[in-house]
Amino acid sequence: MIQANAPGQFTAQVQAFNGTALLGTFTVLSNPAGDATYIGVQDQSGANITKVVFSTTTCAPTDSSSCTDFAIDTVNGVEVAPATA
C-alpha cells in the first residue's frame with residue numbers, strides 16, 4: 001500500500017530491476033480522494049528481481065511539491081535465492 005503526502009489523486013509507480021537492467025515499470029492511479037492504493041509486481045519466470053523502486057507521480061495539487069513525500073505501509077517479498085544487501 002502506498003499513499004502520497006497530500007490529499008488528492010496521485011499515480012503510484014514501482015520499477016523492478018535485475019541488477020541494473022530495468023525489467024518493467026508499473027503504475028496505478030489512486031481514487032480521487034488519494035486513499036492508499038496497492039501496487040506490486042510479481043516475477044513468474046523465476047528469481048530475477050533484485051531491486052524495486054517505489055515512487056509517486058502526478059500528485060494533487062498539480063505542483064511538484066505534492067509528490068516529494070509518500071508512505072509505504074507494508075512490503076512483502078518472497079525470497080527464492082539468498083538476498084544481497
# chains A, B, ... in the order shown; residues from 1 in each chain; ligands from 1
>>> residues_around(residues="Gln42 in chain A", least_positions_apart="3", cutoff="12 Å", atoms="only C-alpha atoms", output="PDB file with all heavy atoms, in the first residue's frame")
ATOM      1  N   VAL A  14       5.998   1.581  -9.465  1.00  0.00           N
ATOM      2  CA  VAL A  14       7.022   0.648  -8.984  1.00  0.00           C
ATOM      3  C   VAL A  14       7.832   0.212 -10.198  1.00  0.00           C
ATOM      4  O   VAL A  14       7.283  -0.047 -11.264  1.00  0.00           O
ATOM      5  CB  VAL A  14       6.425  -0.560  -8.222  1.00  0.00           C
ATOM      6  CG1 VAL A  14       5.515  -1.387  -9.090  1.00  0.00           C
ATOM      7  CG2 VAL A  14       7.522  -1.422  -7.616  1.00  0.00           C
ATOM      8  N   GLN A  15       9.150   0.211 -10.025  1.00  0.00           N
ATOM      9  CA  GLN A  15      10.065  -0.263 -11.064  1.00  0.00           C
ATOM     10  C   GLN A  15      10.787  -1.492 -10.523  1.00  0.00           C
ATOM     11  O   GLN A  15      11.240  -1.492  -9.384  1.00  0.00           O
ATOM     12  CB  GLN A  15      11.088   0.808 -11.427  1.00  0.00           C
ATOM     13  CG  GLN A  15      10.483   2.031 -12.065  1.00  0.00           C
ATOM     14  CD  GLN A  15      11.522   3.090 -12.322  1.00  0.00           C
ATOM     15  OE1 GLN A  15      12.192   3.533 -11.390  1.00  0.00           O
ATOM     16  NE2 GLN A  15      11.667   3.488 -13.574  1.00  0.00           N
ATOM     17  N   ALA A  16      10.886  -2.527 -11.343  1.00  0.00           N
ATOM     18  CA  ALA A  16      11.568  -3.761 -10.954  1.00  0.00           C
ATOM     19  C   ALA A  16      12.855  -3.900 -11.757  1.00  0.00           C
ATOM     20  O   ALA A  16      12.874  -3.645 -12.957  1.00  0.00           O
ATOM     21  CB  ALA A  16      10.664  -4.965 -11.206  1.00  0.00           C
ATOM     22  N   PHE A  17      13.920  -4.289 -11.069  1.00  0.00           N
ATOM     23  CA  PHE A  17      15.235  -4.413 -11.688  1.00  0.00           C
ATOM     24  C   PHE A  17      15.818  -5.794 -11.454  1.00  0.00           C
ATOM     25  O   PHE A  17      15.577  -6.419 -10.426  1.00  0.00           O
ATOM     26  CB  PHE A  17      16.214  -3.384 -11.088  1.00  0.00           C
ATOM     27  CG  PHE A  17      15.893  -1.968 -11.417  1.00  0.00           C
ATOM     28  CD1 PHE A  17      15.007  -1.238 -10.649  1.00  0.00           C
ATOM     29  CD2 PHE A  17      16.499  -1.345 -12.501  1.00  0.00           C
ATOM     30  CE1 PHE A  17      14.714   0.074 -10.947  1.00  0.00           C
ATOM     31  CE2 PHE A  17      16.218  -0.026 -12.807  1.00  0.00           C
ATOM     32  CZ  PHE A  17      15.320   0.681 -12.031  1.00  0.00           C
ATOM     33  N   LEU A  23      13.443  -4.301 -15.560  1.00  0.00           N
ATOM     34  CA  LEU A  23      12.545  -5.358 -16.034  1.00  0.00           C
ATOM     35  C   LEU A  23      11.186  -4.806 -16.426  1.00  0.00           C
ATOM     36  O   LEU A  23      10.499  -5.369 -17.261  1.00  0.00           O
ATOM     37  CB  LEU A  23      12.370  -6.429 -14.954  1.00  0.00           C
ATOM     38  CG  LEU A  23      13.636  -7.170 -14.541  1.00  0.00           C
ATOM     39  CD1 LEU A  23      13.354  -8.084 -13.358  1.00  0.00           C
ATOM     40  CD2 LEU A  23      14.191  -7.956 -15.717  1.00  0.00           C
ATOM     41  N   GLY A  24      10.784  -3.708 -15.788  1.00  0.00           N
ATOM     42  CA  GLY A  24       9.490  -3.110 -16.110  1.00  0.00           C
ATOM     43  C   GLY A  24       9.112  -2.024 -15.136  1.00  0.00           C
ATOM     44  O   GLY A  24       9.611  -1.972 -14.017  1.00  0.00           O
ATOM     45  N   THR A  25       8.221  -1.156 -15.589  1.00  0.00           N
ATOM     46  CA  THR A  25       7.669  -0.081 -14.772  1.00  0.00           C
ATOM     47  C   THR A  25       6.160  -0.248 -14.769  1.00  0.00           C
ATOM     48  O   THR A  25       5.552  -0.425 -15.831  1.00  0.00           O
ATOM     49  CB  THR A  25       8.036   1.293 -15.345  1.00  0.00           C
ATOM     50  OG1 THR A  25       9.462   1.419 -15.353  1.00  0.00           O
ATOM     51  CG2 THR A  25       7.447   2.422 -14.519  1.00  0.00           C
ATOM     52  N   PHE A  26       5.564  -0.198 -13.588  1.00  0.00           N
ATOM     53  CA  PHE A  26       4.131  -0.418 -13.446  1.00  0.00           C
ATOM     54  C   PHE A  26       3.533   0.733 -12.645  1.00  0.00           C
ATOM     55  O   PHE A  26       4.125   1.176 -11.660  1.00  0.00           O
ATOM     56  CB  PHE A  26       3.874  -1.753 -12.740  1.00  0.00           C
ATOM     57  CG  PHE A  26       4.621  -2.885 -13.391  1.00  0.00           C
ATOM     58  CD1 PHE A  26       5.879  -3.261 -12.930  1.00  0.00           C
ATOM     59  CD2 PHE A  26       4.094  -3.535 -14.484  1.00  0.00           C
ATOM     60  CE1 PHE A  26       6.584  -4.293 -13.533  1.00  0.00           C
ATOM     61  CE2 PHE A  26       4.798  -4.564 -15.105  1.00  0.00           C
ATOM     62  CZ  PHE A  26       6.043  -4.942 -14.631  1.00  0.00           C
ATOM     63  N   ILE A  39       0.079  -1.466  -4.918  1.00  0.00           N
ATOM     64  CA  ILE A  39       0.867  -1.617  -6.141  1.00  0.00           C
ATOM     65  C   ILE A  39       1.914  -2.687  -5.878  1.00  0.00           C
ATOM     66  O   ILE A  39       2.484  -2.761  -4.790  1.00  0.00           O
ATOM     67  CB  ILE A  39       1.504  -0.295  -6.603  1.00  0.00           C
ATOM     68  CG1 ILE A  39       2.129  -0.450  -7.983  1.00  0.00           C
ATOM     69  CG2 ILE A  39       2.489   0.242  -5.571  1.00  0.00           C
ATOM     70  CD1 ILE A  39       2.516   0.857  -8.649  1.00  0.00           C
ATOM     71  N   SER A  45       8.675 -15.843 -13.797  1.00  0.00           N
ATOM     72  CA  SER A  45       9.657 -16.601 -14.574  1.00  0.00           C
ATOM     73  C   SER A  45      10.837 -17.089 -13.736  1.00  0.00           C
ATOM     74  O   SER A  45      11.714 -17.756 -14.248  1.00  0.00           O
ATOM     75  CB  SER A  45      10.173 -15.753 -15.736  1.00  0.00           C
ATOM     76  OG  SER A  45      10.891 -14.642 -15.249  1.00  0.00           O
ATOM     77  N   GLY A  46      10.884 -16.715 -12.460  1.00  0.00           N
ATOM     78  CA  GLY A  46      11.983 -17.142 -11.604  1.00  0.00           C
ATOM     79  C   GLY A  46      12.442 -16.010 -10.711  1.00  0.00           C
ATOM     80  O   GLY A  46      11.802 -14.976 -10.617  1.00  0.00           O
ATOM     81  N   ALA A  47      13.563 -16.212 -10.070  1.00  0.00           N
ATOM     82  CA  ALA A  47      14.100 -15.213  -9.128  1.00  0.00           C
ATOM     83  C   ALA A  47      14.943 -14.201  -9.883  1.00  0.00           C
ATOM     84  O   ALA A  47      16.161 -14.249  -9.855  1.00  0.00           O
ATOM     85  CB  ALA A  47      14.909 -15.908  -8.056  1.00  0.00           C
ATOM     86  N   ASN A  48      14.289 -13.276 -10.594  1.00  0.00           N
ATOM     87  CA  ASN A  48      15.005 -12.291 -11.400  1.00  0.00           C
ATOM     88  C   ASN A  48      15.009 -10.896 -10.801  1.00  0.00           C
ATOM     89  O   ASN A  48      15.810 -10.067 -11.198  1.00  0.00           O
ATOM     90  CB  ASN A  48      14.392 -12.227 -12.808  1.00  0.00           C
ATOM     91  CG  ASN A  48      14.517 -13.545 -13.538  1.00  0.00           C
ATOM     92  OD1 ASN A  48      15.579 -14.149 -13.556  1.00  0.00           O
ATOM     93  ND2 ASN A  48      13.426 -14.002 -14.109  1.00  0.00           N
ATOM     94  N   ILE A  49      14.104 -10.595  -9.890  1.00  0.00           N
ATOM     95  CA  ILE A  49      14.006  -9.243  -9.336  1.00  0.00           C
ATOM     96  C   ILE A  49      15.017  -9.096  -8.207  1.00  0.00           C
ATOM     97  O   ILE A  49      14.971  -9.821  -7.218  1.00  0.00           O
ATOM     98  CB  ILE A  49      12.587  -8.941  -8.834  1.00  0.00           C
ATOM     99  CG1 ILE A  49      11.598  -8.995 -10.001  1.00  0.00           C
ATOM    100  CG2 ILE A  49      12.543  -7.578  -8.145  1.00  0.00           C
ATOM    101  CD1 ILE A  49      10.155  -8.863  -9.588  1.00  0.00           C
ATOM    102  N   THR A  50      15.937  -8.141  -8.353  1.00  0.00           N
ATOM    103  CA  THR A  50      16.934  -7.881  -7.321  1.00  0.00           C
ATOM    104  C   THR A  50      16.688  -6.564  -6.599  1.00  0.00           C
ATOM    105  O   THR A  50      17.256  -6.325  -5.540  1.00  0.00           O
ATOM    106  CB  THR A  50      18.349  -7.846  -7.923  1.00  0.00           C
ATOM    107  OG1 THR A  50      18.400  -6.826  -8.920  1.00  0.00           O
ATOM    108  CG2 THR A  50      18.707  -9.192  -8.541  1.00  0.00           C
ATOM    109  N   VAL A  52      13.486  -3.184  -6.193  1.00  0.00           N
ATOM    110  CA  VAL A  52      12.282  -2.470  -6.599  1.00  0.00           C
ATOM    111  C   VAL A  52      12.385  -1.038  -6.106  1.00  0.00           C
ATOM    112  O   VAL A  52      12.944  -0.771  -5.039  1.00  0.00           O
ATOM    113  CB  VAL A  52      10.987  -3.129  -6.084  1.00  0.00           C
ATOM    114  CG1 VAL A  52      10.734  -4.468  -6.748  1.00  0.00           C
ATOM    115  CG2 VAL A  52      10.998  -3.274  -4.593  1.00  0.00           C
ATOM    116  N   ASN A  76       6.029  -6.800   1.064  1.00  0.00           N
ATOM    117  CA  ASN A  76       6.157  -8.248   1.201  1.00  0.00           C
ATOM    118  C   ASN A  76       7.005  -8.778   0.072  1.00  0.00           C
ATOM    119  O   ASN A  76       6.869  -8.352  -1.072  1.00  0.00           O
ATOM    120  CB  ASN A  76       4.786  -8.934   1.152  1.00  0.00           C
ATOM    121  CG  ASN A  76       3.934  -8.597   2.344  1.00  0.00           C
ATOM    122  OD1 ASN A  76       4.400  -8.645   3.471  1.00  0.00           O
ATOM    123  ND2 ASN A  76       2.696  -8.242   2.100  1.00  0.00           N
ATOM    124  N   GLY A  77       7.871  -9.713   0.375  1.00  0.00           N
ATOM    125  CA  GLY A  77       8.698 -10.321  -0.656  1.00  0.00           C
ATOM    126  C   GLY A  77       8.899 -11.795  -0.364  1.00  0.00           C
ATOM    127  O   GLY A  77       8.908 -12.214   0.791  1.00  0.00           O
ATOM    128  N   VAL A  78       9.033 -12.541  -1.410  1.00  0.00           N
ATOM    129  CA  VAL A  78       9.324 -13.957  -1.280  1.00  0.00           C
ATOM    130  C   VAL A  78      10.732 -14.150  -1.820  1.00  0.00           C
ATOM    131  O   VAL A  78      11.031 -13.820  -2.957  1.00  0.00           O
ATOM    132  CB  VAL A  78       8.323 -14.816  -2.086  1.00  0.00           C
ATOM    133  CG1 VAL A  78       8.711 -16.273  -2.013  1.00  0.00           C
ATOM    134  CG2 VAL A  78       6.928 -14.601  -1.567  1.00  0.00           C
ATOM    135  N   GLU A  79      11.584 -14.677  -0.984  1.00  0.00           N
ATOM    136  CA  GLU A  79      12.983 -14.843  -1.348  1.00  0.00           C
ATOM    137  C   GLU A  79      13.211 -16.261  -1.849  1.00  0.00           C
ATOM    138  O   GLU A  79      13.033 -17.224  -1.134  1.00  0.00           O
ATOM    139  CB  GLU A  79      13.870 -14.563  -0.133  1.00  0.00           C
ATOM    140  CG  GLU A  79      15.330 -14.559  -0.447  1.00  0.00           C
ATOM    141  CD  GLU A  79      16.144 -14.270   0.799  1.00  0.00           C
ATOM    142  OE1 GLU A  79      15.766 -13.422   1.603  1.00  0.00           O
ATOM    143  OE2 GLU A  79      17.184 -14.908   0.939  1.00  0.00           O
TER     144      GLU A  79
END
>>> residues_around(residues="Thr27 in chain A", least_positions_apart="2", cutoff="10 Å", atoms="only C-alpha atoms", output="list of chain:residue names")
A:Thr11, A:Ala12, A:Gln13, A:Val14, A:Gln15, A:Thr25, A:Leu29, A:Ser30, A:Ile39, A:Gly40, A:Phe54, A:Ser55, A:Thr56, A:Thr57
>>> select_by_dssp(residues="range 25-56 of chain A", states="strand (DSSP E)", output="PyMOL selection string")
chain A and resi 25-29+51-56
>>> atom_distance(atom1="CA of Gln44 in chain A", atom2="CA of Phe70 in chain A")
28.1 Å
>>> residues_around(residues="Ala33 in chain A", least_positions_apart="6", cutoff="12 Å", atoms="only C-alpha atoms", output="PyMOL selection string")
chain A and resi 3-4+6-10+59-61
>>> write_last_selection(atoms="C-alpha atoms", output="PDB file, in the first residue's frame")
ATOM      1  CA  GLN A   3      -0.107   6.920  -0.327  1.00  0.00           C
ATOM      2  CA  ALA A   4       1.055  10.415  -1.323  1.00  0.00           C
ATOM      3  CA  ALA A   6      -1.054  15.470   0.163  1.00  0.00           C
ATOM      4  CA  PRO A   7      -4.791  14.816  -0.243  1.00  0.00           C
ATOM      5  CA  GLY A   8      -5.964  14.232  -3.786  1.00  0.00           C
ATOM      6  CA  GLN A   9      -5.410  11.810  -6.618  1.00  0.00           C
ATOM      7  CA  PHE A  10      -1.897  10.538  -7.393  1.00  0.00           C
ATOM      8  CA  CYS A  59       0.027  14.219  -7.441  1.00  0.00           C
ATOM      9  CA  ALA A  60      -2.649  16.724  -6.496  1.00  0.00           C
ATOM     10  CA  PRO A  61      -2.230  19.629  -6.173  1.00  0.00           C
TER      11      PRO A  61
END
>>> atom_distance(atom1="CA of Thr20 in chain A", atom2="CA of Asn5 in chain A")
28.9 Å
>>> atom_distance(atom1="CA of Tyr38 in chain A", atom2="CA of Thr58 in chain A")
16.8 Å
>>> decode(residues="range 19-41 of chain A", atoms="N, CA and C atoms", output="compact mmCIF listing (two decimals), in the first residue's frame")
# COMPACT_ATOMS: atom_id res chain seq x y z
N GLY A 19 19.58 -6.61 -11.25
CA GLY A 19 20.86 -5.90 -11.27
C GLY A 19 20.59 -4.47 -11.72
N THR A 20 21.22 -4.04 -12.80
CA THR A 20 20.99 -2.69 -13.32
C THR A 20 19.99 -2.68 -14.47
N ALA A 21 19.51 -3.85 -14.90
CA ALA A 21 18.57 -3.94 -16.02
C ALA A 21 17.14 -3.73 -15.54
N LEU A 22 16.45 -2.76 -16.13
CA LEU A 22 15.05 -2.49 -15.80
C LEU A 22 14.19 -3.59 -16.41
N LEU A 23 13.44 -4.30 -15.56
CA LEU A 23 12.55 -5.36 -16.03
C LEU A 23 11.19 -4.81 -16.43
N GLY A 24 10.78 -3.71 -15.79
CA GLY A 24 9.49 -3.11 -16.11
C GLY A 24 9.11 -2.02 -15.14
N THR A 25 8.22 -1.16 -15.59
CA THR A 25 7.67 -0.08 -14.77
C THR A 25 6.16 -0.25 -14.77
N PHE A 26 5.56 -0.20 -13.59
CA PHE A 26 4.13 -0.42 -13.45
C PHE A 26 3.53 0.73 -12.65
N THR A 27 2.37 1.22 -13.08
CA THR A 27 1.73 2.34 -12.41
C THR A 27 0.28 1.99 -12.08
N VAL A 28 -0.25 2.69 -11.07
CA VAL A 28 -1.65 2.57 -10.71
C VAL A 28 -2.13 3.95 -10.25
N LEU A 29 -3.34 4.33 -10.64
CA LEU A 29 -3.94 5.61 -10.29
C LEU A 29 -4.81 5.43 -9.06
N SER A 30 -4.62 6.30 -8.06
CA SER A 30 -5.44 6.23 -6.85
C SER A 30 -6.86 6.73 -7.15
N ASN A 31 -7.73 6.60 -6.16
CA ASN A 31 -9.06 7.19 -6.31
C ASN A 31 -8.95 8.71 -6.17
N PRO A 32 -10.01 9.47 -6.50
CA PRO A 32 -9.92 10.93 -6.44
C PRO A 32 -9.58 11.50 -5.06
N ALA A 33 -9.90 10.78 -3.99
CA ALA A 33 -9.59 11.26 -2.64
C ALA A 33 -8.12 11.07 -2.28
N GLY A 34 -7.40 10.23 -3.03
CA GLY A 34 -5.99 9.99 -2.73
C GLY A 34 -5.77 8.96 -1.65
N ASP A 35 -6.74 8.06 -1.46
CA ASP A 35 -6.57 6.99 -0.47
C ASP A 35 -5.41 6.08 -0.87
N ALA A 36 -4.86 5.40 0.12
CA ALA A 36 -3.76 4.46 -0.14
C ALA A 36 -4.20 3.42 -1.15
N THR A 37 -3.28 3.02 -2.00
CA THR A 37 -3.59 2.05 -3.05
C THR A 37 -2.52 0.97 -3.08
N TYR A 38 -2.89 -0.22 -3.53
CA TYR A 38 -1.95 -1.34 -3.63
C TYR A 38 -1.22 -1.27 -4.96
N ILE A 39 0.08 -1.47 -4.92
CA ILE A 39 0.87 -1.62 -6.14
C ILE A 39 1.91 -2.69 -5.88
N GLY A 40 2.12 -3.52 -6.86
CA GLY A 40 3.09 -4.59 -6.68
C GLY A 40 3.53 -5.15 -8.01
N VAL A 41 4.46 -6.06 -7.92
CA VAL A 41 4.98 -6.72 -9.12
C VAL A 41 5.33 -8.15 -8.73
